[in-house]
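Novice: So I've got this file, upload.pdb, and it contains PDB, C-alpha atoms:
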```pdb
ATOM      1  CA  MET Y   1      56.251-224.730-108.246
ATOM      2  CA  TYR Y   2      59.436-223.095-106.940
ATOM      3  CA  LEU Y   3      61.355-224.059-110.107
ATOM      4  CA  PHE Y   4      58.423-222.971-112.250
ATOM      5  CA  VAL Y   5      58.295-219.542-110.590
ATOM      6  CA  SER Y   6      62.071-219.102-110.762
ATOM      7  CA  ILE Y   7      62.020-219.643-114.520
ATOM      8  CA  LEU Y   8      59.148-217.185-114.884
ATOM      9  CA  LEU Y   9      61.022-214.689-112.764
ATOM     10  CA  VAL Y  10      64.065-214.648-115.033
ATOM     11  CA  ALA Y  11      61.866-214.269-118.116
ATOM     12  CA  VAL Y  12      59.804-211.507-116.554
ATOM     13  CA  LEU Y  13      62.917-209.590-115.466
ATOM     14  CA  PHE Y  14      63.737-208.759-119.063
ATOM     15  CA  LEU Y  15      60.161-207.683-119.711
ATOM     16  CA  VAL Y  16      60.213-205.406-116.666
ATOM     17  CA  LEU Y  17      63.474-203.752-117.643
ATOM     18  CA  PHE Y  18      62.191-202.852-121.085
ATOM     19  CA  ASN Y  19      58.487-202.379-120.440
ATOM     20  CA  HIS Y  20      57.882-200.105-117.465
ATOM     21  CA  GLN Y  21      54.633-198.771-118.908
ATOM     22  CA  ARG Y  22      53.221-202.273-119.135
ATOM     23  CA  LYS Y  23      53.894-202.822-115.447
ATOM     24  CA  ARG Y  24      51.748-199.811-114.585
ATOM     25  CA  LYS Y  25      48.862-201.305-116.553
ATOM     26  CA  ILE Y  26      49.332-204.653-114.803
ATOM     27  CA  CYS Y  27      49.255-202.945-111.415
ATOM     28  CA  LYS Y  28      45.985-201.246-112.317
ATOM     29  CA  LYS Y  29      44.522-204.535-113.538
ATOM     30  CA  LEU Y  30      45.425-206.339-110.318
ATOM     31  CA  CYS Y  31      44.081-203.530-108.163
ATOM     32  CA  ALA Y  32      40.767-203.686-110.047
ATOM     33  CA  MET Y  33      40.371-207.439-109.497
ATOM     34  CA  SER Y  34      38.478-208.760-106.490
ATOM     35  CA  CYS Y  35      40.052-211.268-104.114
ATOM     36  CA  GLU Y  36      37.728-213.987-105.460
ATOM     37  CA  GLU Y  37      38.857-213.350-109.018
ATOM     38  CA  LYS Y  38      42.514-213.461-107.997
ATOM     39  CA  CYS Y  39      42.101-216.708-106.077
ATOM     40  CA  CYS Y  40      40.212-218.277-108.973
ATOM     41  CA  LEU Y  41      42.917-217.350-111.449
ATOM     42  CA  VAL Y  42      45.844-218.413-109.294
ATOM     43  CA  THR Y  43      44.113-221.762-108.686
ATOM     44  CA  GLN Y  44      43.942-222.337-112.436
ATOM     45  CA  ILE Y  45      47.662-221.605-112.718
ATOM     46  CA  ILE Y  46      49.082-223.690-109.860
ATOM     47  CA  GLU Y  47      46.582-226.541-109.395
ATOM     48  CA  PRO Y  48      47.877-228.572-112.390
ATOM     49  CA  PHE Y  49      51.278-228.532-110.661
ATOM     50  CA  GLY Y  50      49.777-229.959-107.457
ATOM     51  CA  TYR Y  51      49.572-226.764-105.397
ATOM     52  CA  CYS Y  52      46.837-224.686-103.802
ATOM     53  CA  TYR Y  53      46.669-221.229-102.279
ATOM     54  CA  VAL Y  54      45.716-220.640 -98.624
ATOM     55  CA  PRO Y  55      44.237-217.097 -98.502
ATOM     56  CA  SER Y  56      44.000-216.876 -94.711
ATOM     57  CA  GLN Y  57      47.803-217.100 -94.386
ATOM     58  CA  ASP Y  58      48.932-215.998 -97.862
ATOM     59  CA  ILE Y  59      50.904-219.223 -98.328
ATOM     60  CA  PHE Y  60      50.897-222.152-100.736
ATOM     61  CA  SER Y  61      50.377-225.823 -99.962
ATOM     62  CA  THR Y  62      49.939-229.088-101.856
ATOM     63  CA  THR Y  63      46.739-230.839-102.907
ATOM     64  CA  ILE Y  64      45.927-234.430-101.993
ATOM     65  CA  HIS Y  65      45.803-235.503-105.636
ATOM     66  CA  ALA Y  66      48.989-233.697-106.685
ATOM     67  CA  PRO Y  67      50.777-235.297-109.659
ATOM     68  CA  GLN Y  68      53.833-235.795-107.423
ATOM     69  CA  ARG Y  69      51.884-238.530-105.648
ATOM     70  CA  THR Y  70      52.509-240.969-108.497
ATOM     71  CA  PHE Y  71      56.286-240.614-108.182
ATOM     72  CA  GLY Y  72      56.579-241.829-104.602
ATOM     73  CA  TYR Y  73      59.834-241.162-102.778
ATOM     74  CA  THR Y  74      63.430-242.282-102.746
ATOM     75  CA  ALA Y  75      66.329-240.855-100.764
ATOM     76  CA  LEU Y  76      67.939-239.916-104.092
ATOM     77  CA  PHE Y  77      65.465-237.010-104.256
ATOM     78  CA  ASP Y  78      67.013-235.489-101.142
ATOM     79  CA  ARG Y  79      70.527-236.262-102.290
ATOM     80  CA  TYR Y  80      70.193-234.310-105.526
ATOM     81  CA  ALA Y  81      67.761-231.621-104.344
ATOM     82  CA  ALA Y  82      70.535-229.029-104.005
ATOM     83  CA  HIS Y  83      71.119-229.167-107.767
ATOM     84  CA  PHE Y  84      67.582-227.781-108.163
ATOM     85  CA  ASN Y  85      68.068-224.974-105.594
ATOM     86  CA  MET Y  86      66.268-226.858-102.819
ATOM     87  CA  ILE Y  87      68.380-226.495 -99.687
ATOM     88  CA  PHE Y  88      66.725-228.082 -96.675
ATOM     89  CA  ASP Y  89      67.171-230.125 -93.530
ATOM     90  CA  CYS Y  90      65.480-233.503 -93.638
ATOM     91  CA  LEU Y  91      64.608-236.158 -91.095
ATOM     92  CA  PRO Y  92      63.585-239.542 -92.548
ATOM     93  CA  ILE Y  93      61.992-241.943 -90.052
ATOM     94  CA  TYR Y  94      61.780-245.555 -91.248
ATOM     95  CA  PHE Y  95      59.671-248.035 -89.295
ATOM     96  CA  ASP Y  96      58.014-251.410 -89.842
ATOM     97  CA  TYR Y  97      54.262-251.917 -89.589
ATOM     98  CA  GLU Y  98      51.934-254.648 -90.899
ATOM     99  CA  GLY Y  99      54.629-256.418 -92.911
ATOM    100  CA  ARG Y 100      55.889-253.282 -94.655
ATOM    101  CA  THR Y 101      58.512-250.631 -94.090
ATOM    102  CA  TRP Y 102      57.000-247.180 -93.759
ATOM    103  CA  LEU Y 103      58.623-243.799 -94.003
ATOM    104  CA  ILE Y 104      57.510-240.509 -92.486
ATOM    105  CA  GLU Y 105      59.886-237.711 -93.416
ATOM    106  CA  LEU Y 106      60.158-234.087 -92.307
ATOM    107  CA  TRP Y 107      61.717-231.254 -94.322
ATOM    108  CA  LYS Y 108      62.356-227.562 -93.636
ATOM    109  CA  GLY Y 109      64.361-225.071 -95.648
ATOM    110  CA  GLN Y 110      64.666-222.953 -98.774
ATOM    111  CA  TYR Y 111      62.966-224.090-101.978
ATOM    112  CA  GLY Y 112      64.138-221.629-104.627
ATOM    113  CA  ILE Y 113      62.284-218.408-103.829
ATOM    114  CA  ASN Y 114      60.052-220.162-101.275
ATOM    115  CA  LEU Y 115      60.631-220.770 -97.601
ATOM    116  CA  GLY Y 116      58.784-223.843 -96.406
ATOM    117  CA  CYS Y 117      58.349-227.172 -94.671
ATOM    118  CA  GLU Y 118      56.906-230.590 -95.500
ATOM    119  CA  VAL Y 119      55.740-233.848 -93.949
ATOM    120  CA  GLY Y 120      55.343-236.892 -96.185
ATOM    121  CA  ILE Y 121      53.992-240.415 -95.578
ATOM    122  CA  TYR Y 122      55.269-243.284 -97.721
ATOM    123  CA  LYS Y 123      55.358-247.086 -97.682
ATOM    124  CA  ALA Y 124      57.312-249.874 -99.355
ATOM    125  CA  ASP Y 125      55.802-253.035-100.830
ATOM    126  CA  THR Y 126      57.596-255.235 -98.292
ATOM    127  CA  LEU Y 127      59.955-255.005 -95.347
ATOM    128  CA  VAL Y 128      63.137-253.218 -96.379
ATOM    129  CA  ALA Y 129      66.507-253.936 -94.791
ATOM    130  CA  THR Y 130      68.184-250.986 -93.098
ATOM    131  CA  SER Y 131      71.057-251.076 -95.573
ATOM    132  CA  GLN Y 132      68.608-250.811 -98.493
ATOM    133  CA  GLN Y 133      66.385-248.054 -97.119
ATOM    134  CA  PRO Y 134      68.393-245.185 -98.707
ATOM    135  CA  TYR Y 135      67.967-246.806-102.143
ATOM    136  CA  ALA Y 136      64.438-248.251-102.000
ATOM    137  CA  LEU Y 137      61.434-246.734-103.735
ATOM    138  CA  PHE Y 138      58.576-245.865-101.395
ATOM    139  CA  HIS Y 139      55.033-245.323-102.623
ATOM    140  CA  SER Y 140      52.876-242.445-101.455
ATOM    141  CA  ALA Y 141      50.256-243.344 -98.871
ATOM    142  CA  GLU Y 142      46.800-244.128-100.240
ATOM    143  CA  ASP Y 143      43.686-242.233 -99.191
ATOM    144  CA  ARG Y 144      42.750-244.760 -96.499
ATOM    145  CA  GLU Y 145      46.305-244.602 -95.124
ATOM    146  CA  MET Y 146      46.536-240.825 -94.796
ATOM    147  CA  LEU Y 147      46.988-239.499 -91.257
ATOM    148  CA  PRO Y 148      45.716-236.352 -89.509
ATOM    149  CA  MET Y 149      48.717-234.014 -89.267
ATOM    150  CA  SER Y 150      49.529-230.459 -88.314
ATOM    151  CA  ILE Y 151      52.649-228.409 -89.018
ATOM    152  CA  ARG Y 152      53.984-225.107 -87.735
ATOM    153  CA  LEU Y 153      57.011-223.401 -89.235
ATOM    154  CA  TYR Y 154      59.094-220.883 -87.300
ATOM    155  CA  ARG Y 155      61.983-218.654 -88.208
ATOM    156  CA  HIS Y 156      63.710-218.119 -84.878
ATOM    157  CA  SER Y 157      60.658-217.381 -82.690
ATOM    158  CA  THR Y 158      58.372-215.960 -85.412
ATOM    159  CA  GLU Y 159      55.653-218.241 -86.736
ATOM    160  CA  LEU Y 160      55.524-218.230 -90.533
ATOM    161  CA  ALA Y 161      52.836-220.812 -91.262
ATOM    162  CA  HIS Y 162      50.568-223.393 -89.672
ATOM    163  CA  LEU Y 163      48.318-225.974 -91.308
ATOM    164  CA  CYS Y 164      46.265-228.952 -90.177
ATOM    165  CA  ALA Y 165      44.786-231.635 -92.451
ATOM    166  CA  ARG Y 166      44.434-235.336 -93.096
ATOM    167  CA  HIS Y 167      47.025-235.770 -95.797
ATOM    168  CA  TRP Y 168      49.848-237.842 -97.238
ATOM    169  CA  TRP Y 169      52.068-234.813 -98.000
ATOM    170  CA  LEU Y 170      51.295-231.733 -95.932
ATOM    171  CA  THR Y 171      53.320-228.665 -96.905
ATOM    172  CA  ALA Y 172      53.524-224.913 -96.350
ATOM    173  CA  PHE Y 173      55.476-222.513 -98.588
ATOM    174  CA  ASP Y 174      55.901-218.769 -98.103
ATOM    175  CA  MET Y 175      56.892-217.104-101.369
ATOM    176  CA  GLY Y 176      59.630-214.472-101.471
ATOM    177  CA  LEU Y 177      61.124-215.186 -98.038
ATOM    178  CA  TYR Y 178      64.695-216.326 -97.524
ATOM    179  CA  ALA Y 179      66.462-218.077 -94.647
ATOM    180  CA  ASN Y 180      69.082-220.718 -93.984
ATOM    181  CA  PRO Y 181      67.590-224.061 -92.891
ATOM    182  CA  ARG Y 182      69.344-223.898 -89.521
ATOM    183  CA  GLU Y 183      67.358-220.722 -88.734
ATOM    184  CA  LEU Y 184      64.095-222.643 -89.050
ATOM    185  CA  SER Y 185      62.274-224.910 -86.631
ATOM    186  CA  MET Y 186      59.259-227.061 -87.239
ATOM    187  CA  GLU Y 187      56.557-228.405 -84.949
ATOM    188  CA  VAL Y 188      54.676-231.458 -86.174
ATOM    189  CA  CYS Y 189      51.753-233.393 -84.722
ATOM    190  CA  ILE Y 190      50.789-236.773 -86.205
ATOM    191  CA  THR Y 191      47.782-238.826 -85.084
ATOM    192  CA  PHE Y 192      48.129-242.574 -85.651
ATOM    193  CA  PRO Y 193      45.213-245.006 -86.173
ATOM    194  CA  ASN Y 194      46.340-247.436 -83.465
ATOM    195  CA  ARG Y 195      48.924-247.921 -80.739
ATOM    196  CA  THR Y 196      50.917-250.551 -82.657
ATOM    197  CA  MET Y 197      51.766-248.157 -85.484
ATOM    198  CA  MET Y 198      52.428-245.323 -83.072
ATOM    199  CA  VAL Y 199      54.841-247.372 -80.917
ATOM    200  CA  SER Y 200      56.735-248.597 -83.989
ATOM    201  CA  PHE Y 201      57.112-245.006 -85.182
ATOM    202  CA  VAL Y 202      58.223-243.724 -81.766
ATOM    203  CA  ASN Y 203      60.844-246.473 -81.450
ATOM    204  CA  ALA Y 204      62.275-245.468 -84.831
ATOM    205  CA  LEU Y 205      62.151-241.835 -83.771
ATOM    206  CA  ASP Y 206      64.166-242.693 -80.671
ATOM    207  CA  ALA Y 207      66.786-244.372 -82.833
ATOM    208  CA  THR Y 208      67.371-241.236 -84.905
ATOM    209  CA  ASP Y 209      68.037-239.119 -81.782
ATOM    210  CA  LYS Y 210      67.681-235.945 -83.886
ATOM    211  CA  CYS Y 211      64.573-234.306 -82.432
ATOM    212  CA  SER Y 212      62.517-234.013 -79.285
ATOM    213  CA  TYR Y 213      58.985-235.374 -79.028
ATOM    214  CA  GLN Y 214      56.049-236.061 -76.748
ATOM    215  CA  VAL Y 215      53.383-238.759 -76.896
ATOM    216  CA  ARG Y 216      49.792-238.019 -75.918
ATOM    217  CA  GLY Y 217      47.484-240.923 -76.576
ATOM    218  CA  LEU Y 218      47.818-241.747 -80.269
ATOM    219  CA  ARG Y 219      49.320-238.363 -81.090
ATOM    220  CA  VAL Y 220      53.048-237.712 -81.417
ATOM    221  CA  PHE Y 221      54.287-234.112 -81.124
ATOM    222  CA  ILE Y 222      57.701-233.498 -82.723
ATOM    223  CA  VAL Y 223      59.972-230.453 -82.549
ATOM    224  CA  PHE Y 224      62.389-230.550 -85.486
ATOM    225  CA  THR Y 225      65.365-228.195 -85.192
ATOM    226  CA  TYR Y 226      68.125-230.530 -86.352
ATOM    227  CA  CYS Y 227      70.505-229.148 -88.988
ATOM    228  CA  SER Y 228      71.225-232.040 -91.348
ATOM    229  CA  SER Y 229      72.941-229.679 -93.798
ATOM    230  CA  CYS Y 230      75.608-228.938 -91.163
ATOM    231  CA  VAL Y 231      77.047-232.452 -91.417
ATOM    232  CA  LEU Y 232      77.483-232.527 -95.191
ATOM    233  CA  SER Y 233      80.814-233.113 -96.882
ATOM    234  CA  PRO Y 234      82.877-229.996 -97.727
ATOM    235  CA  ILE Y 235      82.038-230.269-101.431
ATOM    236  CA  ARG Y 236      78.296-230.517-100.801
ATOM    237  CA  LYS Y 237      78.473-227.640 -98.326
ATOM    238  CA  LEU Y 238      80.124-225.520-101.009
ATOM    239  CA  LEU Y 239      77.366-226.452-103.472
ATOM    240  CA  CYS Y 240      74.667-225.585-100.937
ATOM    241  CA  ARG Y 241      76.250-222.208-100.191
ATOM    242  CA  PHE Y 242      76.388-221.390-103.887
ATOM    243  CA  LYS Y 243      72.755-222.427-104.398
ATOM    244  CA  GLN Y 244      71.697-220.415-101.360
ATOM    245  CA  TRP Y 245      73.465-217.395-102.817
ATOM    246  CA  GLN Y 246      71.381-217.905-105.947
ATOM    247  CA  ASN Y 247      68.209-218.307-103.880
ATOM    248  CA  ARG Y 248      68.872-215.114-101.951
ATOM    249  CA  LEU Y 249      69.456-213.255-105.218
ATOM    250  CA  LEU Y 250      66.269-214.689-106.752
ATOM    251  CA  CYS Y 251      64.225-213.699-103.692
ATOM    252  CA  ARG Y 252      65.470-210.113-103.885
ATOM    253  CA  LEU Y 253      64.844-210.060-107.614
ATOM    254  CA  PHE Y 254      61.346-211.462-107.097
ATOM    255  CA  ARG Y 255      60.453-208.765-104.574
ATOM    256  CA  TRP Y 256      61.897-206.037-106.803
ATOM    257  CA  VAL Y 257      60.102-207.191-109.958
ATOM    258  CA  THR Y 258      56.761-207.485-108.176
ATOM    259  CA  LYS Y 259      56.839-204.124-106.398
ATOM    260  CA  PRO Y 260      54.679-202.500-105.043
ATOM    261  CA  PHE Y 261      52.746-205.688-104.153
ATOM    262  CA  THR Y 262      53.406-207.386-100.825
ATOM    263  CA  SER Y 263      51.154-210.467-100.836
ATOM    264  CA  SER Y 264      52.233-213.723-102.478
ATOM    265  CA  LEU Y 265      48.952-213.843-104.395
ATOM    266  CA  ASP Y 266      49.469-210.449-106.035
ATOM    267  CA  ARG Y 267      53.146-211.075-106.676
ATOM    268  CA  LEU Y 268      52.537-214.361-108.452
ATOM    269  CA  LEU Y 269      49.781-212.857-110.603
ATOM    270  CA  CYS Y 270      52.023-209.901-111.405
ATOM    271  CA  LEU Y 271      54.583-212.315-112.852
ATOM    272  CA  TYR Y 272      51.833-214.163-114.668
ATOM    273  CA  PHE Y 273      50.449-211.068-116.390
ATOM    274  CA  TYR Y 274      53.924-210.126-117.585
ATOM    275  CA  LEU Y 275      54.046-213.290-119.678
ATOM    276  CA  PRO Y 276      53.007-213.155-123.338
ATOM    277  CA  SER Y 277      49.326-214.059-123.750
ATOM    278  CA  ILE Y 278      50.072-217.327-125.579
ATOM    279  CA  LEU Y 279      52.091-218.632-122.624
ATOM    280  CA  ARG Y 280      49.353-217.617-120.199
ATOM    281  CA  ARG Y 281      46.826-219.634-122.187
ATOM    282  CA  LEU Y 282      49.087-222.689-122.150
ATOM    283  CA  LEU Y 283      49.536-222.506-118.375
ATOM    284  CA  ARG Y 284      45.819-222.700-117.673
ATOM    285  CA  ASN Y 285      44.660-224.650-120.732
ATOM    286  CA  LYS Y 286      44.099-227.848-118.738
ATOM    287  CA  LYS Y 287      41.639-226.153-116.395
ATOM    288  CA  ARG Y 288      39.845-223.980-118.933
ATOM    289  CA  LYS Y 289      37.087-226.440-119.853
ATOM    290  CA  LYS Y 290      36.452-227.499-116.264
ATOM    291  CA  CYS Y 291      36.306-223.906-115.119
ATOM    292  CA  HIS Y 292      33.741-222.936-117.763
ATOM    293  CA  ASN Y 293      31.484-225.797-116.769
ATOM    294  CA  LYS Y 294      31.650-225.585-112.982
ATOM    295  CA  CYS Y 295      32.729-222.155-111.838
ATOM    296  CA  CYS Y 296      30.789-218.971-111.405
ATOM    297  CA  LYS Y 297      30.463-216.052-113.807
ATOM    298  CA  LYS Y 298      33.163-214.198-111.951
ATOM    299  CA  CYS Y 299      35.535-217.020-112.714
ATOM    300  CA  ARG Y 300      34.727-216.871-116.424
ATOM    301  CA  HIS Y 301      35.206-213.133-116.288
ATOM    302  CA  CYS Y 302      38.556-213.823-114.659
ATOM    303  CA  ILE Y 303      39.501-216.176-117.500
ATOM    304  CA  GLY Y 304      38.803-213.473-120.052
ATOM    305  CA  ARG Y 305      41.261-211.067-118.523
TER     306      ARG Y 305
END
```
Could you write out this file's structure as structure tokens?

Specialist:
Amino acid sequence: MYLFVSILLVAVLFLVLFNHQRKRKICKKLCAMSCEEKCCLVTQIIEPFGYCYVPSQDIFSTTIHAPQRTFGYTALFDRYAAHFNMIFDCLPIYFDYEGRTWLIELWKGQYGINLGCEVGIYKADTLVATSQQPYALFHSAEDREMLPMSIRLYRHSTELAHLCARHWWLTAFDMGLYANPRELSMEVCITFPNRTMMVSFVNALDATDKCSYQVRGLRVFIVFTYCSSCVLSPIRKLLCRFKQWQNRLLCRLFRWVTKPFTSSLDRLLCLYFYLPSILRRLLRNKKRKKCHNKCCKKCRHCIGR
């Protein structure tokens, strides 16, 4: 979603510069909409991309059946993430359980115009040798293999987000905020189904020696403050600095374009309404039929806007 919003932001910038009167009308339209109507509309926009909105915290997260689930995971994603303006610290934890190699990975950092964190659970088809782990393809955990997890994201000592769910990829993204990954810390709690899996994970966690943790029963509490981006090669550090410069610029541009709104919900809808009507229809075309059949009248009224 961060790449999607960044592209929209650049397109909307030109519309804002040459259409100030239209922005006033959009502001009036948003102010006239109820919170239910806004949430319904934003769900139609972002759900096909695998995201959902959390009104209580004004943040975005990922759905269990996100399309990204079919792709699985490989370390190549992290290696080339900076080329797509995703600058983060990551902590992959590989461990063996029930004849397979599993991976639980933590991320925290800047994702385009979003500040956020992630925890993902993946598994290989067989046991994977240590030398092959950075190149192997891991599949996303199935429904029966999902684990109860909680995450808390902090910038210095300020809490930015907290979520708790049984998931395979639990995330929290705060739109329009900017920070360097080393300024962020992440608290994670994972509950394992049995002691065997928990012990295997903890042993692998010990081997990384990149975070502190505590074990309470079948729950493992992790504090992730490690700066993996600090140990990159000089060339990759230069690339990350350049991409972070772009991210900082995009965040400022995003906040300027979406003034006077302050919530992520209103800001995203402000960008959406700036788009030509034909593009707006394309963005929510997949959910139009479902919404007409299952949602309330307010939702259909929202669609007609």

Novice: Would you please work out which residue, of Y:Trp168, Y:Tyr178, Y:Tyr135, Y:Phe242, is nearest to Y:Arg155 when using only C-alpha atoms?

Specialist: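 Going through Y:Trp168, Y:Tyr178, Y:Tyr135, Y:Phe242 one by one, the smallest distance to Y:Arg155 is for Y:Tyr178.
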
Novice: Just want the 7 Å neighbourhood of Y:Asn114, counted on all atoms listed in the file, with same-chain residues fewer than 6 positions away dropped. Output as a list of chain:residue names.

Specialist: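 Listed by chain and then number, they are Y:Tyr2, Y:Phe173, Y:Asp174, Y:Met175, Y:Gly176, Y:Leu177.
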
Novice: As an MDAnalysis selection string, please: the residues near stretch 136-145 of chain Y (cut-off 8 Å, all atoms listed in the file, same-chain neighbours under 5 positions excluded).

Specialist: chainID Y and resid 69:75 102:103 121:125 128 168

Novice: What does the structure give for the distance between atom CA of Y:His156 and atom CA of Y:Asn203, in Å to one decimal?

Specialist: 28.7 Å

Novice: Which residues of stretch 106-127 of chain Y have any atom within 10 Å of an atom in stretch 49-63 of chain Y when counting only C-alpha atoms, and what is the closest pair of atoms for each, with the distance in Å to one decimal? Order the rows by chain and rising number and write it as a tab-separated table.

Specialist:
```
residue	atom	partner	partner_atom	distance
Y:Asn114	CA	Y:Phe60	CA	9.4
Y:Leu115	CA	Y:Ile59	CA	9.9
Y:Gly116	CA	Y:Phe60	CA	9.2
Y:Cys117	CA	Y:Ser61	CA	9.7
Y:Glu118	CA	Y:Ser61	CA	9.2
```

Novice: Which residue gives the smallest distance to Y:Gly109 among Y:Glu36, Y:Glu159, Y:Glu183, Y:Asp209, with all atoms listed in the file counted?

Specialist: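 Closest to Y:Gly109 of all the choices is Y:Glu183.
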
Novice: Taking the file as I've supplied it (selection: the PyMOL selection byres ((chain Y and resi 77-94) around 6)), which residues are included? Please answer as a list in words.

Specialist: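 Checked against the file, the PyMOL selection byres ((chain Y and resi 77-94) around 6) matches Thr74, Ala75, Leu76, Phe95, Trp102, Leu103, Ile104, Glu105, Leu106, Trp107, Lys108, Gly109, Gln110, Tyr111, Gly112, Pro181, Cys227, Ser228, Ser229 and Lys243 of chain Y.
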
Novice: Once you count all atoms listed in the file, which residues end up no further than 8 Å from (56.1, -230.7, -79.7) in the file's frame, shown as a list in words?

Specialist: Glu187, Val188, Cys189, Ser212, Tyr213, Gln214, Val220, Phe221, Ile222 and Val223 of chain Y

Novice: Please indicate the distance in Å from atom CA of Y:Leu253 to atom CA of Y:Ile113, rounded to one decimal place.

Specialist: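 For atom CA of Y:Leu253 relative to atom CA of Y:Ile113, the distance reads 9.5 Å.
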